[in-house]
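Peer 1: Below is the file structure-v3.tsv, which contains TSV, C-alpha atoms.
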```tsv
chain	number	residue	atom	x	y	z
G	299	MET	CA	102.10	101.45	113.58
G	300	LYS	CA	99.95	104.22	112.09
G	301	LYS	CA	97.68	102.93	109.34
G	302	GLU	CA	98.83	104.17	105.95
G	303	LYS	CA	96.20	104.98	103.33
G	304	PRO	CA	96.32	103.66	99.77
G	305	VAL	CA	96.36	105.99	96.80
G	306	THR	CA	93.18	106.21	94.76
G	307	ASN	CA	92.44	103.46	92.24
G	308	ILE	CA	93.05	105.87	89.33
G	309	HIS	CA	96.37	107.00	90.82
G	310	PHE	CA	97.43	103.39	91.37
G	311	ARG	CA	96.63	102.45	87.77
G	312	MET	CA	98.57	105.47	86.49
G	313	MET	CA	101.55	104.48	88.65
G	314	VAL	CA	101.42	100.92	87.27
G	315	ASN	CA	101.41	102.26	83.71
G	316	VAL	CA	104.40	104.51	84.41
G	317	MET	CA	106.24	101.68	86.19
G	318	SER	CA	105.54	99.37	83.23
G	319	VAL	CA	107.50	101.75	81.01
G	320	VAL	CA	110.25	102.42	83.56
G	321	LYS	CA	110.81	98.70	84.26
G	322	ASN	CA	112.03	98.35	80.68
G	323	ILE	CA	114.82	100.84	81.45
G	324	ARG	CA	115.77	99.38	84.84
G	325	ASN	CA	117.54	96.08	85.31
G	326	ILE	CA	115.26	94.78	88.06
G	327	LYS	CA	116.89	91.35	88.24
G	328	LYS	CA	120.28	93.02	88.84
G	329	GLU	CA	118.76	95.20	91.59
G	330	ILE	CA	117.30	92.08	93.23
G	331	ILE	CA	120.64	90.25	93.08
G	332	ARG	CA	122.42	93.33	94.51
G	333	SER	CA	120.09	93.16	97.51
G	334	GLY	CA	121.74	89.90	98.56
G	335	ILE	CA	118.79	87.62	97.85
G	336	LYS	CA	119.81	84.05	97.19
G	337	GLU	CA	118.26	80.61	97.06
G	338	GLY	CA	116.41	79.86	100.29
G	339	SER	CA	116.08	83.50	101.41
G	340	HIS	CA	112.99	84.77	103.19
G	341	VAL	CA	112.17	88.11	101.62
G	342	LEU	CA	109.70	90.92	102.21
G	343	ASP	CA	108.83	92.93	99.09
G	344	TYR	CA	107.42	95.96	100.89
G	345	GLY	CA	105.15	98.02	98.65
G	346	CYS	CA	105.27	95.30	96.01
G	347	GLY	CA	102.91	97.09	93.60
G	348	PRO	CA	102.26	94.96	90.51
G	349	GLY	CA	105.07	92.54	91.33
G	350	PHE	CA	107.88	93.72	89.07
G	351	SER	CA	110.35	92.61	91.77
G	352	THR	CA	108.22	89.96	93.46
G	353	ILE	CA	108.08	87.45	90.62
G	354	PRO	CA	111.80	87.53	89.68
G	355	ALA	CA	112.73	87.37	93.40
G	356	ALA	CA	110.48	84.33	93.86
G	357	LYS	CA	112.34	82.54	91.08
G	358	ILE	CA	115.70	83.38	92.69
G	359	VAL	CA	114.79	82.15	96.21
G	360	GLY	CA	113.34	78.93	94.80
G	361	SER	CA	111.21	76.38	96.61
G	362	GLN	CA	113.22	76.64	99.86
G	363	GLY	CA	112.65	80.41	100.10
G	364	VAL	CA	109.60	82.59	100.44
G	365	ILE	CA	108.59	86.03	99.23
G	366	TYR	CA	106.07	88.07	101.19
G	367	ALA	CA	104.49	90.53	98.76
G	368	LEU	CA	103.07	93.34	100.87
G	369	ASP	CA	101.07	96.28	99.64
G	370	ILE	CA	98.44	98.65	100.91
G	371	HIS	CA	96.44	98.62	97.69
G	372	PRO	CA	93.96	95.80	96.96
G	373	PHE	CA	94.65	96.06	93.19
G	374	ALA	CA	98.34	95.34	93.81
G	375	ILE	CA	97.46	92.17	95.70
G	376	GLU	CA	95.01	91.11	92.97
G	377	ILE	CA	97.69	91.58	90.30
G	378	ILE	CA	100.27	89.62	92.34
G	379	GLU	CA	97.84	86.77	92.97
G	380	ARG	CA	97.12	86.50	89.22
G	381	LYS	CA	100.85	86.40	88.52
G	382	ILE	CA	101.38	83.75	91.20
G	383	ARG	CA	98.82	81.53	89.45
G	384	LYS	CA	100.19	82.32	85.98
G	385	HIS	CA	103.76	81.42	86.97
G	386	ASN	CA	102.65	78.53	89.21
G	387	LEU	CA	104.55	79.89	92.21
G	388	ASP	CA	103.90	78.44	95.64
G	389	ASN	CA	106.58	80.44	97.45
G	390	VAL	CA	104.83	83.85	97.32
G	391	LYS	CA	102.51	84.95	100.11
G	392	THR	CA	100.50	88.17	99.79
G	393	ILE	CA	99.86	90.62	102.61
G	394	LEU	CA	97.31	93.42	102.27
G	395	THR	CA	97.96	95.92	105.04
G	396	GLY	CA	98.53	99.55	105.82
G	397	ASN	CA	99.57	98.83	109.38
G	398	GLY	CA	102.60	96.67	110.13
G	399	THR	CA	103.56	93.43	108.43
G	400	GLY	CA	102.13	90.77	110.73
G	401	LEU	CA	105.34	88.78	110.27
G	402	PRO	CA	107.12	87.08	113.19
G	403	ASP	CA	110.16	88.65	114.86
G	404	GLU	CA	113.49	88.03	113.11
G	405	SER	CA	111.94	86.01	110.28
G	406	ILE	CA	113.20	87.94	107.22
G	407	ASP	CA	116.61	87.84	105.54
G	408	VAL	CA	116.06	90.70	103.07
G	409	ALA	CA	113.48	93.49	102.87
G	410	LEU	CA	113.08	95.16	99.49
G	411	LEU	CA	111.98	98.79	99.45
G	412	PHE	CA	112.06	99.36	95.72
G	413	ASN	CA	110.64	102.74	94.69
G	414	VAL	CA	108.36	102.96	97.71
G	415	ILE	CA	110.13	104.81	100.56
G	416	PHE	CA	109.05	108.24	99.32
G	417	MET	CA	105.37	107.19	99.63
G	418	ILE	CA	105.62	106.13	103.28
G	419	GLU	CA	104.31	108.79	105.67
G	420	ASP	CA	105.74	107.43	108.93
G	421	LYS	CA	109.19	106.26	107.88
G	422	GLU	CA	110.44	105.82	111.44
G	423	LYS	CA	107.60	103.41	112.28
G	424	LEU	CA	108.43	101.46	109.13
G	425	ILE	CA	112.10	101.28	110.13
G	426	ASP	CA	111.11	100.02	113.61
G	427	GLU	CA	108.92	97.33	112.02
G	428	LEU	CA	111.70	96.26	109.62
G	429	TYR	CA	114.14	96.12	112.52
G	430	ARG	CA	111.72	93.83	114.38
G	431	ILE	CA	111.19	91.36	111.53
G	432	LEU	CA	114.74	91.25	110.12
G	433	LYS	CA	117.21	88.67	111.35
G	434	THR	CA	120.45	90.04	112.81
G	435	GLY	CA	122.60	90.82	109.78
G	436	GLY	CA	119.47	90.98	107.61
G	437	VAL	CA	119.39	93.55	104.84
G	438	ILE	CA	117.09	96.36	103.81
G	439	SER	CA	117.70	97.13	100.15
G	440	VAL	CA	116.41	100.52	99.05
G	441	VAL	CA	116.14	101.47	95.38
G	442	ASN	CA	114.62	104.80	94.55
G	443	ASN	CA	115.11	105.93	91.01
G	444	GLY	CA	113.03	109.06	91.63
G	445	LEU	CA	114.90	110.28	94.71
G	446	GLY	CA	116.72	113.08	92.95
G	447	SER	CA	113.44	114.83	92.17
G	448	LYS	CA	112.48	115.21	95.85
G	449	PHE	CA	115.92	116.45	96.84
G	450	LYS	CA	118.36	118.77	95.10
G	451	ASN	CA	120.36	115.83	93.81
G	452	ARG	CA	120.80	112.09	94.18
G	453	GLN	CA	123.73	112.42	96.61
G	454	VAL	CA	121.61	114.52	99.02
G	455	ALA	CA	118.84	111.92	98.71
G	456	GLU	CA	121.19	109.04	99.50
G	457	GLU	CA	122.69	110.91	102.45
G	458	SER	CA	119.18	111.61	103.80
G	459	LEU	CA	118.23	107.94	103.53
G	460	THR	CA	121.45	106.84	105.20
G	461	GLU	CA	120.82	109.26	108.06
G	462	LEU	CA	117.22	108.02	108.38
G	463	PHE	CA	118.14	104.31	108.53
G	464	CYS	CA	121.26	104.66	110.66
G	465	LYS	CA	120.24	107.31	113.21
G	466	ASN	CA	119.07	104.93	115.97
G	467	ASN	CA	122.01	102.56	115.51
G	468	HIS	CA	119.66	99.83	114.31
G	469	PHE	CA	121.22	99.67	110.85
G	470	VAL	CA	124.50	100.41	109.15
G	471	LEU	CA	125.09	101.18	105.49
G	472	LEU	CA	126.43	97.92	104.15
G	473	ALA	CA	126.94	98.86	100.50
G	474	LYS	CA	125.94	101.22	97.74
G	475	THR	CA	125.92	99.29	94.50
G	476	GLY	CA	124.30	100.75	91.41
G	477	ASN	CA	120.89	102.04	92.48
G	478	ASN	CA	120.81	99.89	95.62
G	479	LEU	CA	121.51	101.21	99.10
G	480	ASN	CA	121.81	98.17	101.37
G	481	PHE	CA	121.51	98.57	105.13
G	482	SER	CA	122.34	95.73	107.51
G	483	LYS	CA	120.57	95.15	110.83
G	484	LEU	CA	122.89	95.44	113.78
G	485	CYS	CA	122.75	93.02	116.69
G	486	SER	CA	119.96	94.01	119.08
G	487	SER	CA	122.05	93.20	122.17
G	488	CYS	CA	125.30	94.75	120.89
```
What is this file in structure tokens?

Peer 2:
Amino acid sequence: MKKEKPVTNIHFRMMVNVMSVVKNIRNIKKEIIRSGIKEGSHVLDYGCGPGFSTIPAAKIVGSQGVIYALDIHPFAIEIIERKIRKHNLDNVKTILTGNGTGLPDESIDVALLFNVIFMIEDKEKLIDELYRILKTGGVISVVNNGLGSKFKNRQVAEESLTELFCKNNHFVLLAKTGNNLNFSKLCSSC
């Protein structure tokens, strides 16, 4: 997988400030629940940023589940690790990488791509990696509140994402609920 490059420290801090305001408008817990996460799930929060989804998801999966908080930016991982200590969570593992996940094959139930897909340069390599680590029937949940700005409208954005995830017959659109587009991994031998 091609190594992605993190944004500058200043850019990252500006994004965190903007996301801090936006998170008050979004219902992040509802988005997490719509992804299909439940107690005991193994979850990848891809592009976790400052952990707006990571921490609530960790509380939902409980002690039998695990959240892998992955980001390319060292500040994101530092913030998550402080939050892990603050909330006394032992079910969150951090991954600092710009190249793959390092997770075992078919080890993840749900992958969260919340407001991150537009920042990924090589989307097809990401989709291949997610296909590798997701269990059959596992879910990729994409939320992108800013999609409409890149495309003419939100419907065009959603159609483009559906085409991207479904074009190699690895995934199928499972549901569109609120801001979530959920894609399910198809059987690799089917």

Peer 1: Using all atoms listed in the file for the distances, tell me which of G:Lys433, G:Arg380, G:Lys465, G:Lys423 is nearest to Val408 (chain G).

Peer 2: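 Of all the options, G:Lys433 lies closest to Val408 (chain G).
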
Peer 1: Considering all atoms listed in the file, return as a list in words whatever protein or nucleic-acid residues lie within 9 Å of Phe412 (chain G), sequence-local ones (same chain, fewer than 6 positions apart) excluded.

Peer 2: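 Once the nearby chain positions are removed, what remains is Glu329, Asp343, Tyr344, Gly345, Cys346, Ser351, Ser439, Val440, Val441, Asn442, Asn443 and Asn478 of chain G.
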
Peer 1: Give me the residues near Asp369 (chain G) as a ChimeraX atom specification, where near means some atom within 10 Å (using all atoms listed in the file) and where sequence neighbours in that chain fewer than 2 positions away do not count.

Peer 2: /G:304,343-349,366-367,371-375,378,392-396,399

Peer 1: To one decimal place in Å, what is the distance between CA of Ala355 (chain G) and CA of Cys485 (chain G)?

Peer 2: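 Interatomic distance, CA of Ala355 (chain G) to CA of Cys485 (chain G): 26.0 Å.
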
Peer 1: Find the distance between CA of Ser339 (chain G) and CA of Val359 (chain G) and write it in Å to one decimal.

Peer 2: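 So the answer is 5.5 Å.
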
Peer 1: Which residue, G:Leu342, G:Leu479, G:Leu484, G:Leu459, has the smallest gap to Gly435 (chain G) when you use only C-alpha atoms?

Peer 2: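 Among G:Leu342, G:Leu479, G:Leu484, G:Leu459, it is G:Leu484 that comes nearest to Gly435 (chain G).
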
Peer 1: Rank G:Ile353, G:Cys464, G:Ile382, G:Ala409 by their smallest atom-to-atom distance to Glu427 (chain G), using all atoms listed in the file, and report the top residue only.

Peer 2: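 Closest residue, counting all atoms listed in the file: G:Ala409.
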
Peer 1: Please measure the separation of CA of Asn477 (chain G) and CA of Leu424 (chain G), giving the value in Å to one decimal.

Peer 2: 20.8 Å

Peer 1: Which one is closest to Ser333 (chain G): G:Glu419, G:Leu411, G:Gln362, G:Glu461? Count only C-alpha atoms.

Peer 2: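 So, comparing all the options, the nearest one is G:Leu411.
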
Peer 1: Given the point (115.0, 84.0, 99.0) in the file's coordinates, find the residues that have an atom at most 10 Å from it, counting all atoms listed in the file, and give them as a count of residues only.

Peer 2: 24

Peer 1: Taking into account all atoms listed in the file, which residue in the set G:Lys327, G:Arg452, G:Lys391, G:Arg332 is nearest to Leu472 (chain G)?

Peer 2: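 Among the listed residues, the smallest separation from Leu472 (chain G) belongs to G:Arg332.
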
Peer 1: Can you work out which one of G:Ile326, G:Arg383, G:Asn397, G:Glu456 has the shortest atom-to-atom distance to Ile415 (chain G), counting all atoms listed in the file?

Peer 2: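 For Ile415 (chain G), the nearest of the given residues is G:Glu456.
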
Peer 1: At a cut-off of 10 Å, using only C-alpha atoms, what residues contact Tyr429 (chain G)? Leave out same-chain residues fewer than 3 positions from it and give the result as a PDB file with C-alpha atoms, in the coordinates of the input.

Peer 2:
```pdb
ATOM      1  CA  ASP G 403     110.160  88.650 114.860  1.00  0.00           C
ATOM      2  CA  GLU G 404     113.490  88.030 113.110  1.00  0.00           C
ATOM      3  CA  ILE G 406     113.200  87.940 107.220  1.00  0.00           C
ATOM      4  CA  LYS G 423     107.600 103.410 112.280  1.00  0.00           C
ATOM      5  CA  LEU G 424     108.430 101.460 109.130  1.00  0.00           C
ATOM      6  CA  ILE G 425     112.100 101.280 110.130  1.00  0.00           C
ATOM      7  CA  ASP G 426     111.110 100.020 113.610  1.00  0.00           C
ATOM      8  CA  LEU G 432     114.740  91.250 110.120  1.00  0.00           C
ATOM      9  CA  LYS G 433     117.210  88.670 111.350  1.00  0.00           C
ATOM     10  CA  THR G 434     120.450  90.040 112.810  1.00  0.00           C
ATOM     11  CA  GLY G 436     119.470  90.980 107.610  1.00  0.00           C
ATOM     12  CA  VAL G 437     119.390  93.550 104.840  1.00  0.00           C
ATOM     13  CA  ILE G 438     117.090  96.360 103.810  1.00  0.00           C
ATOM     14  CA  PHE G 463     118.140 104.310 108.530  1.00  0.00           C
ATOM     15  CA  HIS G 468     119.660  99.830 114.310  1.00  0.00           C
ATOM     16  CA  PHE G 469     121.220  99.670 110.850  1.00  0.00           C
ATOM     17  CA  SER G 482     122.340  95.730 107.510  1.00  0.00           C
ATOM     18  CA  LYS G 483     120.570  95.150 110.830  1.00  0.00           C
ATOM     19  CA  LEU G 484     122.890  95.440 113.780  1.00  0.00           C
ATOM     20  CA  SER G 486     119.960  94.010 119.080  1.00  0.00           C
TER      21      SER G 486
END
```
